[in-house]
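Raw contents of upload32.txt, compact mmCIF, N, CA and C atoms:
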```txt
# COMPACT_ATOMS: atom_id res chain seq x y z
N MET A 264 29.83 -29.81 -39.50
CA MET A 264 28.94 -30.35 -38.50
C MET A 264 29.13 -29.64 -37.16
N ARG A 265 30.34 -29.39 -36.81
CA ARG A 265 30.65 -28.73 -35.54
C ARG A 265 30.06 -27.31 -35.51
N ARG A 266 30.09 -26.63 -36.68
CA ARG A 266 29.54 -25.29 -36.78
C ARG A 266 28.03 -25.30 -36.50
N LYS A 267 27.34 -26.28 -37.01
CA LYS A 267 25.89 -26.38 -36.80
C LYS A 267 25.59 -26.60 -35.32
N GLY A 268 26.43 -27.38 -34.65
CA GLY A 268 26.24 -27.63 -33.23
C GLY A 268 26.41 -26.35 -32.41
N VAL A 269 27.42 -25.57 -32.73
CA VAL A 269 27.67 -24.30 -32.04
C VAL A 269 26.53 -23.33 -32.32
N LEU A 270 26.09 -23.27 -33.57
CA LEU A 270 25.00 -22.38 -33.95
C LEU A 270 23.71 -22.78 -33.23
N LEU A 271 23.43 -24.05 -33.19
CA LEU A 271 22.24 -24.54 -32.48
C LEU A 271 22.33 -24.21 -31.00
N TYR A 272 23.50 -24.39 -30.40
CA TYR A 272 23.70 -24.06 -28.99
C TYR A 272 23.43 -22.58 -28.73
N LEU A 273 23.96 -21.70 -29.59
CA LEU A 273 23.75 -20.25 -29.42
C LEU A 273 22.28 -19.88 -29.56
N ILE A 274 21.59 -20.47 -30.51
CA ILE A 274 20.16 -20.20 -30.68
C ILE A 274 19.38 -20.63 -29.45
N LEU A 275 19.65 -21.82 -28.95
CA LEU A 275 18.98 -22.31 -27.75
C LEU A 275 19.30 -21.43 -26.54
N TYR A 276 20.54 -21.02 -26.41
CA TYR A 276 20.97 -20.17 -25.30
C TYR A 276 20.18 -18.86 -25.28
N PHE A 277 20.13 -18.18 -26.43
CA PHE A 277 19.40 -16.90 -26.50
C PHE A 277 17.91 -17.10 -26.32
N PHE A 278 17.38 -18.20 -26.83
CA PHE A 278 15.95 -18.48 -26.68
C PHE A 278 15.59 -18.69 -25.20
N VAL A 279 16.36 -19.49 -24.51
CA VAL A 279 16.09 -19.78 -23.10
C VAL A 279 16.18 -18.51 -22.26
N PHE A 280 17.22 -17.71 -22.45
CA PHE A 280 17.38 -16.52 -21.62
C PHE A 280 16.43 -15.40 -22.01
N SER A 281 16.01 -15.35 -23.26
CA SER A 281 15.03 -14.32 -23.62
C SER A 281 13.66 -14.69 -23.06
N CYS A 282 13.32 -15.97 -22.99
CA CYS A 282 12.06 -16.40 -22.39
C CYS A 282 12.06 -16.16 -20.88
N ALA A 283 13.21 -16.35 -20.24
CA ALA A 283 13.31 -16.13 -18.80
C ALA A 283 13.03 -14.67 -18.47
N GLY A 284 13.48 -13.77 -19.31
CA GLY A 284 13.25 -12.35 -19.09
C GLY A 284 11.78 -11.98 -19.22
N VAL A 285 11.04 -12.67 -20.06
CA VAL A 285 9.63 -12.39 -20.26
C VAL A 285 8.83 -12.73 -19.01
N SER A 286 9.18 -13.80 -18.33
CA SER A 286 8.42 -14.21 -17.15
C SER A 286 8.68 -13.32 -15.94
N GLU A 287 9.80 -12.61 -15.93
CA GLU A 287 10.14 -11.73 -14.82
C GLU A 287 9.65 -10.32 -15.12
N LYS A 288 8.33 -10.15 -15.13
CA LYS A 288 7.72 -8.86 -15.44
C LYS A 288 8.04 -7.85 -14.34
N LYS A 289 8.43 -6.67 -14.75
CA LYS A 289 8.74 -5.63 -13.78
C LYS A 289 7.45 -5.15 -13.13
N LYS A 290 7.51 -4.94 -11.83
CA LYS A 290 6.37 -4.48 -11.07
C LYS A 290 6.01 -3.05 -11.51
N THR A 291 4.74 -2.82 -11.79
CA THR A 291 4.30 -1.48 -12.18
C THR A 291 4.13 -0.62 -10.94
N ASP A 292 4.04 0.69 -11.16
CA ASP A 292 3.78 1.63 -10.07
C ASP A 292 2.50 1.26 -9.34
N GLU A 293 1.47 0.92 -10.10
CA GLU A 293 0.19 0.58 -9.48
C GLU A 293 0.29 -0.69 -8.63
N ASP A 294 1.02 -1.69 -9.12
CA ASP A 294 1.21 -2.91 -8.34
C ASP A 294 1.96 -2.62 -7.04
N ALA A 295 3.02 -1.82 -7.14
CA ALA A 295 3.81 -1.48 -5.95
C ALA A 295 2.96 -0.69 -4.96
N LEU A 296 2.17 0.26 -5.47
CA LEU A 296 1.30 1.06 -4.60
C LEU A 296 0.25 0.17 -3.94
N LYS A 297 -0.35 -0.70 -4.71
CA LYS A 297 -1.39 -1.58 -4.18
C LYS A 297 -0.85 -2.46 -3.05
N GLU A 298 0.37 -2.96 -3.21
CA GLU A 298 1.01 -3.76 -2.14
C GLU A 298 1.12 -2.94 -0.86
N ARG A 299 1.55 -1.69 -1.00
CA ARG A 299 1.70 -0.81 0.17
C ARG A 299 0.36 -0.48 0.81
N ILE A 300 -0.65 -0.23 -0.02
CA ILE A 300 -1.99 0.07 0.50
C ILE A 300 -2.51 -1.11 1.31
N ILE A 301 -2.39 -2.30 0.77
CA ILE A 301 -2.87 -3.51 1.44
C ILE A 301 -2.17 -3.70 2.78
N ALA A 302 -0.84 -3.59 2.76
CA ALA A 302 -0.08 -3.77 4.01
C ALA A 302 -0.48 -2.71 5.03
N TYR A 303 -0.55 -1.44 4.60
CA TYR A 303 -0.90 -0.34 5.50
C TYR A 303 -2.27 -0.56 6.15
N TRP A 304 -3.28 -0.84 5.34
CA TRP A 304 -4.63 -0.98 5.89
C TRP A 304 -4.81 -2.26 6.71
N ASN A 305 -4.09 -3.30 6.37
CA ASN A 305 -4.13 -4.51 7.21
C ASN A 305 -3.56 -4.21 8.59
N TYR A 306 -2.45 -3.49 8.65
CA TYR A 306 -1.89 -3.08 9.94
C TYR A 306 -2.84 -2.14 10.67
N LYS A 307 -3.46 -1.24 9.94
CA LYS A 307 -4.37 -0.27 10.56
C LYS A 307 -5.55 -0.99 11.22
N ILE A 308 -6.11 -1.97 10.54
CA ILE A 308 -7.23 -2.73 11.09
C ILE A 308 -6.81 -3.49 12.34
N LYS A 309 -5.60 -4.03 12.32
CA LYS A 309 -5.08 -4.78 13.48
C LYS A 309 -4.55 -3.85 14.57
N LYS A 310 -4.62 -2.53 14.31
CA LYS A 310 -4.13 -1.51 15.25
C LYS A 310 -2.64 -1.66 15.56
N LYS A 311 -1.88 -2.07 14.57
CA LYS A 311 -0.42 -2.17 14.70
C LYS A 311 0.17 -0.84 14.22
N LEU A 312 0.02 0.16 15.09
CA LEU A 312 0.38 1.52 14.71
C LEU A 312 1.87 1.72 14.52
N ASP A 313 2.68 0.92 15.19
CA ASP A 313 4.12 1.01 14.97
C ASP A 313 4.46 0.61 13.54
N LYS A 314 3.64 -0.26 12.96
CA LYS A 314 3.85 -0.69 11.57
C LYS A 314 3.31 0.35 10.59
N THR A 315 2.10 0.90 10.87
CA THR A 315 1.54 1.91 9.95
C THR A 315 2.43 3.15 9.92
N TYR A 316 3.05 3.46 11.04
CA TYR A 316 3.93 4.63 11.12
C TYR A 316 5.05 4.55 10.09
N ASP A 317 5.55 3.34 9.84
CA ASP A 317 6.62 3.15 8.85
C ASP A 317 6.17 3.52 7.44
N PHE A 318 4.86 3.50 7.18
CA PHE A 318 4.32 3.80 5.86
C PHE A 318 4.04 5.29 5.67
N GLU A 319 4.10 6.06 6.74
CA GLU A 319 3.72 7.47 6.67
C GLU A 319 4.80 8.29 5.96
N TYR A 320 4.34 9.35 5.34
CA TYR A 320 5.18 10.27 4.59
C TYR A 320 6.32 10.79 5.48
N PRO A 321 7.57 10.73 5.01
CA PRO A 321 8.72 11.12 5.85
C PRO A 321 8.63 12.52 6.47
N LEU A 322 8.13 13.51 5.75
CA LEU A 322 8.02 14.85 6.34
C LEU A 322 7.03 14.87 7.50
N TYR A 323 5.99 14.07 7.40
CA TYR A 323 5.03 13.94 8.50
C TYR A 323 5.72 13.36 9.73
N LYS A 324 6.57 12.35 9.51
CA LYS A 324 7.27 11.71 10.63
C LYS A 324 8.29 12.63 11.28
N LYS A 325 8.77 13.63 10.56
CA LYS A 325 9.68 14.61 11.17
C LYS A 325 8.92 15.48 12.16
N LYS A 326 7.65 15.69 11.91
CA LYS A 326 6.83 16.54 12.78
C LYS A 326 6.20 15.76 13.93
N ARG A 327 6.00 14.46 13.74
CA ARG A 327 5.31 13.65 14.74
C ARG A 327 6.06 12.34 14.94
N ASN A 328 6.63 12.15 16.14
CA ASN A 328 7.36 10.90 16.41
C ASN A 328 6.36 9.76 16.66
N LEU A 329 6.89 8.56 16.81
CA LEU A 329 6.04 7.37 16.95
C LEU A 329 5.11 7.46 18.16
N VAL A 330 5.61 7.89 19.29
CA VAL A 330 4.78 7.97 20.50
C VAL A 330 3.64 8.96 20.29
N SER A 331 3.94 10.11 19.72
CA SER A 331 2.93 11.12 19.44
C SER A 331 1.90 10.60 18.43
N TYR A 332 2.37 9.88 17.43
CA TYR A 332 1.50 9.28 16.40
C TYR A 332 0.51 8.31 17.03
N ILE A 333 1.01 7.40 17.86
CA ILE A 333 0.15 6.40 18.51
C ILE A 333 -0.83 7.09 19.46
N THR A 334 -0.37 8.05 20.23
CA THR A 334 -1.24 8.78 21.15
C THR A 334 -2.35 9.50 20.39
N PHE A 335 -1.98 10.19 19.32
CA PHE A 335 -2.94 10.92 18.49
C PHE A 335 -3.98 9.97 17.91
N TYR A 336 -3.51 8.87 17.36
CA TYR A 336 -4.43 7.90 16.74
C TYR A 336 -5.38 7.32 17.79
N ASN A 337 -4.84 6.90 18.92
CA ASN A 337 -5.69 6.30 19.96
C ASN A 337 -6.71 7.30 20.51
N ARG A 338 -6.30 8.54 20.67
CA ARG A 338 -7.21 9.57 21.18
C ARG A 338 -8.35 9.84 20.19
N ASN A 339 -8.02 9.85 18.90
CA ASN A 339 -9.00 10.21 17.88
C ASN A 339 -9.76 9.02 17.31
N SER A 340 -9.39 7.83 17.68
CA SER A 340 -10.10 6.67 17.13
C SER A 340 -10.76 5.82 18.21
N GLY A 341 -10.90 6.37 19.41
CA GLY A 341 -11.52 5.62 20.49
C GLY A 341 -12.94 5.20 20.19
N LEU A 342 -13.66 6.03 19.47
CA LEU A 342 -15.04 5.71 19.14
C LEU A 342 -15.17 5.01 17.80
N PHE A 343 -14.18 5.18 16.94
CA PHE A 343 -14.24 4.63 15.58
C PHE A 343 -13.18 3.56 15.39
N SER A 344 -13.51 2.57 14.58
CA SER A 344 -12.49 1.59 14.18
C SER A 344 -12.84 1.05 12.80
N THR A 345 -11.81 0.87 12.00
CA THR A 345 -12.00 0.32 10.66
C THR A 345 -12.03 -1.20 10.78
N LYS A 346 -13.07 -1.79 10.23
CA LYS A 346 -13.26 -3.25 10.31
C LYS A 346 -12.72 -3.95 9.07
N LYS A 347 -12.94 -3.35 7.90
CA LYS A 347 -12.41 -3.91 6.66
C LYS A 347 -12.38 -2.82 5.60
N TYR A 348 -11.76 -3.12 4.49
CA TYR A 348 -11.62 -2.14 3.41
C TYR A 348 -11.62 -2.84 2.06
N GLU A 349 -11.96 -2.10 1.03
CA GLU A 349 -11.83 -2.54 -0.35
C GLU A 349 -11.18 -1.41 -1.11
N ILE A 350 -10.22 -1.76 -1.94
CA ILE A 350 -9.56 -0.75 -2.76
C ILE A 350 -10.43 -0.51 -3.99
N GLY A 351 -10.73 0.76 -4.23
CA GLY A 351 -11.51 1.13 -5.41
C GLY A 351 -10.58 1.65 -6.49
N ASN A 352 -10.83 2.87 -6.91
CA ASN A 352 -10.07 3.50 -7.98
C ASN A 352 -8.70 3.96 -7.48
N ILE A 353 -7.68 3.73 -8.30
CA ILE A 353 -6.34 4.24 -8.03
C ILE A 353 -5.96 5.17 -9.18
N LEU A 354 -5.68 6.42 -8.84
CA LEU A 354 -5.29 7.40 -9.84
C LEU A 354 -3.87 7.87 -9.52
N ILE A 355 -2.94 7.53 -10.42
CA ILE A 355 -1.54 7.91 -10.23
C ILE A 355 -1.22 9.04 -11.20
N GLU A 356 -0.71 10.14 -10.64
CA GLU A 356 -0.27 11.28 -11.44
C GLU A 356 1.16 11.60 -11.04
N GLY A 357 2.10 11.07 -11.79
CA GLY A 357 3.51 11.26 -11.47
C GLY A 357 3.87 10.60 -10.16
N GLU A 358 4.30 11.40 -9.19
CA GLU A 358 4.72 10.88 -7.89
C GLU A 358 3.59 10.90 -6.85
N ASN A 359 2.41 11.31 -7.26
CA ASN A 359 1.26 11.40 -6.35
C ASN A 359 0.18 10.42 -6.77
N ALA A 360 -0.54 9.91 -5.78
CA ALA A 360 -1.64 9.00 -6.06
C ALA A 360 -2.82 9.31 -5.16
N THR A 361 -4.00 9.15 -5.73
CA THR A 361 -5.25 9.28 -4.98
C THR A 361 -5.94 7.93 -5.07
N VAL A 362 -6.30 7.40 -3.91
CA VAL A 362 -6.90 6.07 -3.84
C VAL A 362 -8.26 6.18 -3.18
N THR A 363 -9.26 5.62 -3.85
CA THR A 363 -10.60 5.59 -3.28
C THR A 363 -10.78 4.24 -2.59
N LEU A 364 -11.19 4.28 -1.34
CA LEU A 364 -11.41 3.07 -0.56
C LEU A 364 -12.86 3.01 -0.10
N LYS A 365 -13.37 1.81 0.03
CA LYS A 365 -14.65 1.61 0.67
C LYS A 365 -14.33 0.98 2.03
N LEU A 366 -14.65 1.72 3.08
CA LEU A 366 -14.33 1.26 4.43
C LEU A 366 -15.58 0.77 5.14
N ARG A 367 -15.42 -0.28 5.92
CA ARG A 367 -16.46 -0.71 6.88
C ARG A 367 -15.97 -0.18 8.22
N VAL A 368 -16.72 0.76 8.78
CA VAL A 368 -16.33 1.44 10.00
C VAL A 368 -17.26 1.04 11.13
N GLY A 369 -16.68 0.80 12.29
CA GLY A 369 -17.46 0.53 13.49
C GLY A 369 -17.44 1.74 14.40
N VAL A 370 -18.62 2.13 14.88
CA VAL A 370 -18.73 3.29 15.78
C VAL A 370 -19.35 2.81 17.08
N ARG A 371 -18.68 3.15 18.18
CA ARG A 371 -19.20 2.80 19.50
C ARG A 371 -20.31 3.80 19.85
N VAL A 372 -21.50 3.28 20.11
CA VAL A 372 -22.64 4.14 20.47
C VAL A 372 -23.00 3.94 21.94
N ARG A 373 -23.96 4.70 22.39
CA ARG A 373 -24.39 4.63 23.78
C ARG A 373 -24.64 3.18 24.20
N GLY A 374 -24.19 2.84 25.36
CA GLY A 374 -24.36 1.48 25.86
C GLY A 374 -23.23 0.55 25.44
N GLY A 375 -22.25 1.08 24.70
CA GLY A 375 -21.10 0.28 24.30
C GLY A 375 -21.30 -0.56 23.05
N LYS A 376 -22.48 -0.50 22.45
CA LYS A 376 -22.72 -1.27 21.23
C LYS A 376 -21.95 -0.66 20.06
N ILE A 377 -21.63 -1.51 19.10
CA ILE A 377 -20.92 -1.06 17.91
C ILE A 377 -21.90 -1.02 16.74
N PHE A 378 -22.00 0.14 16.14
CA PHE A 378 -22.81 0.32 14.93
C PHE A 378 -21.84 0.36 13.75
N GLU A 379 -22.06 -0.49 12.73
CA GLU A 379 -21.17 -0.53 11.58
C GLU A 379 -21.84 0.05 10.35
N TYR A 380 -21.07 0.75 9.56
CA TYR A 380 -21.58 1.30 8.31
C TYR A 380 -20.44 1.39 7.30
N ASP A 381 -20.81 1.50 6.03
CA ASP A 381 -19.83 1.63 4.95
C ASP A 381 -19.69 3.09 4.58
N ARG A 382 -18.46 3.48 4.26
CA ARG A 382 -18.24 4.84 3.79
C ARG A 382 -17.11 4.85 2.78
N GLU A 383 -17.17 5.80 1.88
CA GLU A 383 -16.10 5.96 0.90
C GLU A 383 -15.06 6.91 1.49
N TYR A 384 -13.82 6.61 1.24
CA TYR A 384 -12.72 7.38 1.82
C TYR A 384 -11.66 7.60 0.74
N THR A 385 -11.07 8.78 0.72
CA THR A 385 -10.01 9.08 -0.23
C THR A 385 -8.68 9.13 0.52
N ASP A 386 -7.75 8.35 0.05
CA ASP A 386 -6.42 8.24 0.62
C ASP A 386 -5.43 8.88 -0.33
N LYS A 387 -4.43 9.54 0.20
CA LYS A 387 -3.36 10.15 -0.62
C LYS A 387 -2.05 9.42 -0.36
N TRP A 388 -1.29 9.21 -1.42
CA TRP A 388 0.01 8.56 -1.33
C TRP A 388 1.01 9.35 -2.17
N MET A 389 2.28 9.30 -1.78
CA MET A 389 3.33 9.98 -2.52
C MET A 389 4.54 9.05 -2.66
N LYS A 390 5.11 9.05 -3.84
CA LYS A 390 6.27 8.18 -4.11
C LYS A 390 7.56 8.98 -3.97
N ILE A 391 8.46 8.44 -3.16
CA ILE A 391 9.78 9.03 -2.97
C ILE A 391 10.80 7.91 -3.17
N GLU A 392 11.70 8.13 -4.13
CA GLU A 392 12.74 7.14 -4.45
C GLU A 392 12.14 5.74 -4.62
N ASP A 393 11.09 5.66 -5.41
CA ASP A 393 10.40 4.41 -5.78
C ASP A 393 9.68 3.71 -4.64
N ILE A 394 9.44 4.40 -3.53
CA ILE A 394 8.67 3.83 -2.43
C ILE A 394 7.46 4.72 -2.20
N TRP A 395 6.27 4.11 -2.11
CA TRP A 395 5.03 4.83 -1.90
C TRP A 395 4.80 5.02 -0.40
N TYR A 396 4.48 6.25 -0.02
CA TYR A 396 4.22 6.59 1.38
C TYR A 396 2.80 7.16 1.52
N HIS A 397 2.15 6.81 2.61
CA HIS A 397 0.83 7.32 2.93
C HIS A 397 0.96 8.77 3.39
N VAL A 398 0.09 9.63 2.88
CA VAL A 398 0.08 11.03 3.28
C VAL A 398 -1.14 11.22 4.18
N PRO A 399 -0.91 11.43 5.48
CA PRO A 399 -2.03 11.57 6.42
C PRO A 399 -2.88 12.80 6.09
N PRO A 400 -4.17 12.74 6.37
CA PRO A 400 -5.02 13.92 6.15
C PRO A 400 -4.59 15.06 7.06
N LYS A 401 -4.85 16.27 6.64
CA LYS A 401 -4.44 17.44 7.44
C LYS A 401 -5.41 17.72 8.55
```
Could you render the structure from this file as structure tokens?
Amino acid sequence: MRRKGVLLYLILYFFVFSCAGVSEKKKTDEDALKERIIAYWNYKIKKKLDKTYDFEYPLYKKKRNLVSYITFYNRNSGLFSTKKYEIGNILIEGENATVTLKLRVGVRVRGGKIFEYDREYTDKWMKIEDIWYHVPPK
């Protein structure tokens, strides 16, 4: 009788812990990349450039410090601003990814009015040590 109790305990033990492992699904590359894309573009829309800078490709950050990055962005985006985005196709090839986005862009026109339009945009990302980084356009 005691043997059956021990056997039943072992079966239940392995069953419980094997089920626990099933529910803890490992995050896929695409899931991890999508999280980074969402965070990056949400910060970009809110103009939190100190936050978007953290997502930029490390070699890019060696060439451009945070102050230079913010100055460059502000100088080149004075007339344009991203209002919202939708993630389209994500193509991952090894450590590189190409992401198609649909952007709602606002453009300041004569008289200070904002004209909004949709445009498709291609974003590049690169994975280094399991972290996805945004690769700025050249």
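Comparing the minimum interatomic distances between A:Glu392 and each of A:Gly369, A:Lys307, A:Leu342, A:Glu358, counting only C-alpha atoms, we find that A:Glu358 sits nearest.
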Using all atoms listed in the file, which protein or nucleic acid residues come within 6 Å of A:Trp395? Drop anything in the same chain fewer than 5 positions from it, and give the result as a list in words. Leu296, Met389 and Lys390 of chain A
Selected residue, from A:Tyr348, A:Lys311, A:Ile300, A:Arg367, that lies nearest to A:Lys387 when counting only C-alpha atoms: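 Of A:Tyr348, A:Lys311, A:Ile300, A:Arg367, the one nearest A:Lys387, counting only C-alpha atoms, is A:Ile300.
For the residues A:Ile333, A:Ile301, A:Pro400, A:Leu364, ranking by smallest atom-to-atom distance to A:Tyr316 using all atoms listed in the file places A:Ile333 first.
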With all atoms listed in the file as the basis for distance, which of A:Thr334, A:Trp388, A:Lys310, A:Arg299 is at the shortest distance from A:Ala360? A:Trp388
Got a sec to tell me which of stretch 273-399 of chain A DSSP assigns to strand (DSSP E or B), as a ChimeraX atom specification? /A:319,343-356,359-371,377-391,394-398
Pull the alpha helix (DSSP H) assignments for stretch 283-331 of chain A out of DSSP run on the backbone, and list those residues as a ChimeraX atom specification. /A:283-286,292-308,312-318,321-326,329-331
Might you pull out every residue within 7 Å of A:Glu383, with all atoms listed in the file counted and same-chain residues fewer than 5 positions away left off, and present them as a ChimeraX atom specification? /A:363-366
